[in-house]
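*Asks:* One structure is given below, represented as structure tokens, and several questions about it will come after.
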Amino acid sequence: MRWLAAAALAVLLLLPAVLGSYAVTVFIFIFFYAFLGQAWNIVGGYAGQLSVGHAAFVGVGAYTSALLSVQAGLTPWIGMLVGGALAALLGAVVGYLGFRFGLRGFYFVLLTVAFAEVCRIVALNTDAVGGALGYYITFTGNPRQFQFQDNRAYYYVALGLMLAATGVVAAIERHRFGAYLIAIREDESACEALGVNTLRYKMLAMVVSSFLTGVGGTFYAFYLFSLQPGSVFGIPLSVEIVIRPIVGGGGTVLGPILGSFILSPLAEAARIYFGQGGWAGAHLVVYGLLLIAVVLFLPHGAYPALRRLWGKAAPR
């Protein structure tokens, strides 16, 4: 398996030399959403706490780094850490309110959605961040400002983010921390009965997840150069984040990556073939049908199913 991963990494590193600009852009979004999916995977996949408001952390990180860059001249390479820290602080607040008062399942989902909506409304009505008109970043092409003339630079940055998040998730899975999160997901009451401080480990998972997501907000801001409250804090972005680990396999290291490689090209193909002639939004229908199929036939996601097939096909 390791040699296969090394070969795949080598191919990804060499791909920009042979790909056109459009294909590079598609891969950038594959890597970026895989990164966000990995960040969500920590709290949603391993700990089993279903947040559908992770767009709030993307928005906090994006607006923070953009404002620090434009207003204070701070390089986004540092601003992303500040944005990640503020997102982690917000994640701690959301987590404490949810976990301390025992909100689970649908109630925790509502809490995370509510916080994302509050952030959207605040940004929508705050002139300092552009209000309803949005916040725009002037393109300079200066790498110090997280801006690049060549789109391939964004490709490698997005790939680096995805690999870094995957490394964090792999380390968590091998550590006792990961074992506790999985146990909490499977039976939280039993964990508490055994003396595990479930509040502490769920809080840690939420903080790490929201920090990584906030870091991703910087890439969002300085790749698109436009921050619109309805887009950056909206439910659709949260769904885009959540759906990848669900389809690929939540609670696994490679699940969010596989899910992004399945869904991102699918969304782009749907946009191209069904986005015209009155078929706008057809890719959302495709998403819905795919989710139904996954729930019915692959309840644990695509990666666990592929791993079982690999195990059966491998020579004994």
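Chain labels follow the order of the structure tokens: the first chain is A, the next B, and so on; residue numbering restarts at 1 in every chain, and ligands are counted from 1 in their shown order.
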Skip Phe219 (chain A) itself and residues of its chain fewer than 5 positions away, then list as a ChimeraX atom specification all residues within 10 Å of it, counting only C-alpha atoms.
*Replies:* /A:32,58,61-62,65,76-77,80,146-147,154,157-158,161,214,224-225
*Asks:* Using DSSP on the backbone coordinates, identify the residues of region 85-202 of chain A assigned to helix (DSSP H, G or I); present them as a ChimeraX atom specification.
*Replies:* /A:85-100,106-124,127-129,131-133,143-145,151-174,176-186,188-193,198-202
*Asks:* Please identify all polymer residues within 12 Å of Pro265 (chain A), counting only C-alpha atoms, omitting same-chain residues fewer than 2 positions from it, and present them as a list of chain:residue names.
*Replies:* A:Tyr22, A:Ala23, A:Val24, A:Thr25, A:Val26, A:Phe27, A:Ile28, A:Phe29, A:Ile30, A:Phe31, A:Tyr33, A:Leu258, A:Gly259, A:Ser260, A:Phe261, A:Ile262, A:Leu263, A:Ala267, A:Glu268, A:Ala269, A:Ala270, A:Arg271, A:Ile272, A:His283, A:Tyr287
*Asks:* With distances taken over only C-alpha atoms, which residue among A:Ala164, A:Leu13, A:Val285, A:Ile172 lies nearest Ala34 (chain A)?
*Replies:*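 Answer, going by the shortest atom-to-atom distance: A:Ala164.
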*Asks:* Nearest to Pro229 (chain A): which of A:Gly250, A:Gly48, A:Gly130, A:Gly216 is it, counting only C-alpha atoms?
*Replies:*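 The answer is A:Gly130, which sits nearest to Pro229 (chain A).
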*Asks:* Could you state the separation of CA of Leu291 (chain A) and CA of Ala39 (chain A) in Å, given to one decimal place?
*Replies:*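 Interatomic distance, CA of Leu291 (chain A) to CA of Ala39 (chain A): 20.3 Å.
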*Asks:* Need to verify the contact set: Gly79 (chain A), 9 Å, only C-alpha atoms, exclusion of same-chain residues closer than 3 positions in sequence. Can you return it as JSON, numbers by chain?
*Replies:* {"A": [61, 64, 65, 66, 67, 68, 69, 74, 75, 76, 82, 83, 84, 215, 218]}
*Asks:* Skip Phe148 (chain A) itself and residues of its chain fewer than 3 positions away, then list as a count of residues only all residues within 12 Å of it, counting only C-alpha atoms.
*Replies:* 19
*Asks:* Against region 191-208 of chain A, which residues of region 49-88 of chain A fall within 12 Å? For each one I want the closest pair of atoms and the distance in Å (one decimal), counting only C-alpha atoms, rows by chain and increasing residue number, as JSON lines.
*Replies:*
{"residue": "A:Gln49", "atom": "CA", "partner": "A:Lys202", "partner_atom": "CA", "distance": 8.1}
{"residue": "A:Leu50", "atom": "CA", "partner": "A:Met206", "partner_atom": "CA", "distance": 10.7}
{"residue": "A:Ser51", "atom": "CA", "partner": "A:Met206", "partner_atom": "CA", "distance": 9.4}
{"residue": "A:Gly53", "atom": "CA", "partner": "A:Met206", "partner_atom": "CA", "distance": 11.9}
{"residue": "A:His54", "atom": "CA", "partner": "A:Met206", "partner_atom": "CA", "distance": 10.3}
{"residue": "A:Phe57", "atom": "CA", "partner": "A:Val207", "partner_atom": "CA", "distance": 10.5}
{"residue": "A:Gly84", "atom": "CA", "partner": "A:Val208", "partner_atom": "CA", "distance": 9.4}
{"residue": "A:Ala85", "atom": "CA", "partner": "A:Val207", "partner_atom": "CA", "distance": 9.0}
{"residue": "A:Leu86", "atom": "CA", "partner": "A:Val207", "partner_atom": "CA", "distance": 10.2}
{"residue": "A:Ala87", "atom": "CA", "partner": "A:Val207", "partner_atom": "CA", "distance": 8.2}
{"residue": "A:Ala88", "atom": "CA", "partner": "A:Val207", "partner_atom": "CA", "distance": 4.8}
*Asks:* Just want the 7 Å neighbourhood of Val232 (chain A), counted on only C-alpha atoms, with same-chain residues fewer than 4 positions away dropped. Output as a PyMOL selection string.
*Replies:* chain A and resi 55+58-59+227-228+237
*Asks:* I'd like the neighbourhood of region 292-294 of chain A as a CSV table (one decimal) with N, CA and C atoms, in the first residue's frame, where a residue qualifies if any of its atoms comes within 12 Å (using only C-alpha atoms), though same-chain residues fewer than 3 positions away should be ignored.
*Replies:*
chain,number,residue,atom,x,y,z
A,243,ILE,N,-19.9,16.4,2.5
A,243,ILE,CA,-20.3,15.3,1.6
A,243,ILE,C,-19.1,14.4,1.2
A,244,ARG,N,-17.9,15.0,1.1
A,244,ARG,CA,-16.8,14.3,0.6
A,244,ARG,C,-16.3,13.2,1.6
A,245,PRO,N,-16.1,13.4,2.9
A,245,PRO,CA,-15.8,12.3,3.7
A,245,PRO,C,-17.0,11.3,3.9
A,246,ILE,N,-18.2,11.7,3.7
A,246,ILE,CA,-19.3,10.8,3.8
A,246,ILE,C,-19.3,9.8,2.6
A,247,VAL,N,-19.1,10.4,1.4
A,247,VAL,CA,-19.1,9.5,0.2
A,247,VAL,C,-17.8,8.7,0.2
A,248,GLY,N,-16.7,9.3,0.6
A,248,GLY,CA,-15.4,8.5,0.6
A,248,GLY,C,-15.3,7.6,1.7
A,249,GLY,N,-15.8,7.9,2.9
A,249,GLY,CA,-15.6,7.1,4.0
A,249,GLY,C,-15.2,7.9,5.2
A,259,GLY,N,-13.4,10.7,-1.7
A,259,GLY,CA,-14.6,11.4,-1.9
A,259,GLY,C,-14.5,12.6,-2.7
A,285,VAL,N,-28.9,17.6,-7.8
A,285,VAL,CA,-29.7,16.4,-7.9
A,285,VAL,C,-28.9,15.2,-8.0
A,286,VAL,N,-27.8,15.3,-8.7
A,286,VAL,CA,-26.8,14.2,-8.8
A,286,VAL,C,-26.2,13.9,-7.5
A,287,TYR,N,-25.9,14.9,-6.7
A,287,TYR,CA,-25.3,14.7,-5.4
A,287,TYR,C,-26.3,14.0,-4.5
A,288,GLY,N,-27.6,14.4,-4.6
A,288,GLY,CA,-28.6,13.8,-3.8
A,288,GLY,C,-28.8,12.3,-4.1
A,289,LEU,N,-28.8,12.0,-5.4
A,289,LEU,CA,-28.9,10.6,-5.8
A,289,LEU,C,-27.7,9.8,-5.4
A,297,PHE,N,-26.1,1.4,-0.4
A,297,PHE,CA,-25.2,0.3,-0.8
A,297,PHE,C,-23.8,0.4,-0.2
A,298,LEU,N,-23.4,1.6,0.2
A,298,LEU,CA,-22.1,1.8,0.8
A,298,LEU,C,-22.2,2.6,2.1
A,299,PRO,N,-22.8,2.1,3.1
A,299,PRO,CA,-23.1,2.9,4.3
A,299,PRO,C,-21.9,3.4,5.0
A,300,HIS,N,-20.7,2.8,4.8
A,300,HIS,CA,-19.5,3.2,5.4
A,300,HIS,C,-18.6,4.0,4.4
A,301,GLY,N,-19.1,4.2,3.2
A,301,GLY,CA,-18.3,5.0,2.2
A,301,GLY,C,-17.6,4.1,1.2
A,302,ALA,N,-17.0,4.8,0.2
A,302,ALA,CA,-16.4,4.1,-0.9
A,302,ALA,C,-15.0,3.5,-0.5
A,303,TYR,N,-14.3,4.2,0.3
A,303,TYR,CA,-12.9,3.7,0.7
A,303,TYR,C,-13.0,2.3,1.4
A,304,PRO,N,-13.8,2.2,2.5
A,304,PRO,CA,-13.8,0.9,3.1
A,304,PRO,C,-14.3,-0.2,2.2
A,305,ALA,N,-15.2,0.1,1.3
A,305,ALA,CA,-15.6,-1.0,0.3
A,305,ALA,C,-14.4,-1.4,-0.6
*Asks:* Ranking A:Phe106, A:Phe177, A:Tyr46, A:Phe115 by minimum distance to Ser238 (chain A) and counting only C-alpha atoms, which one comes first?
*Replies:*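 Among the listed residues, A:Phe115 lies closest to Ser238 (chain A).
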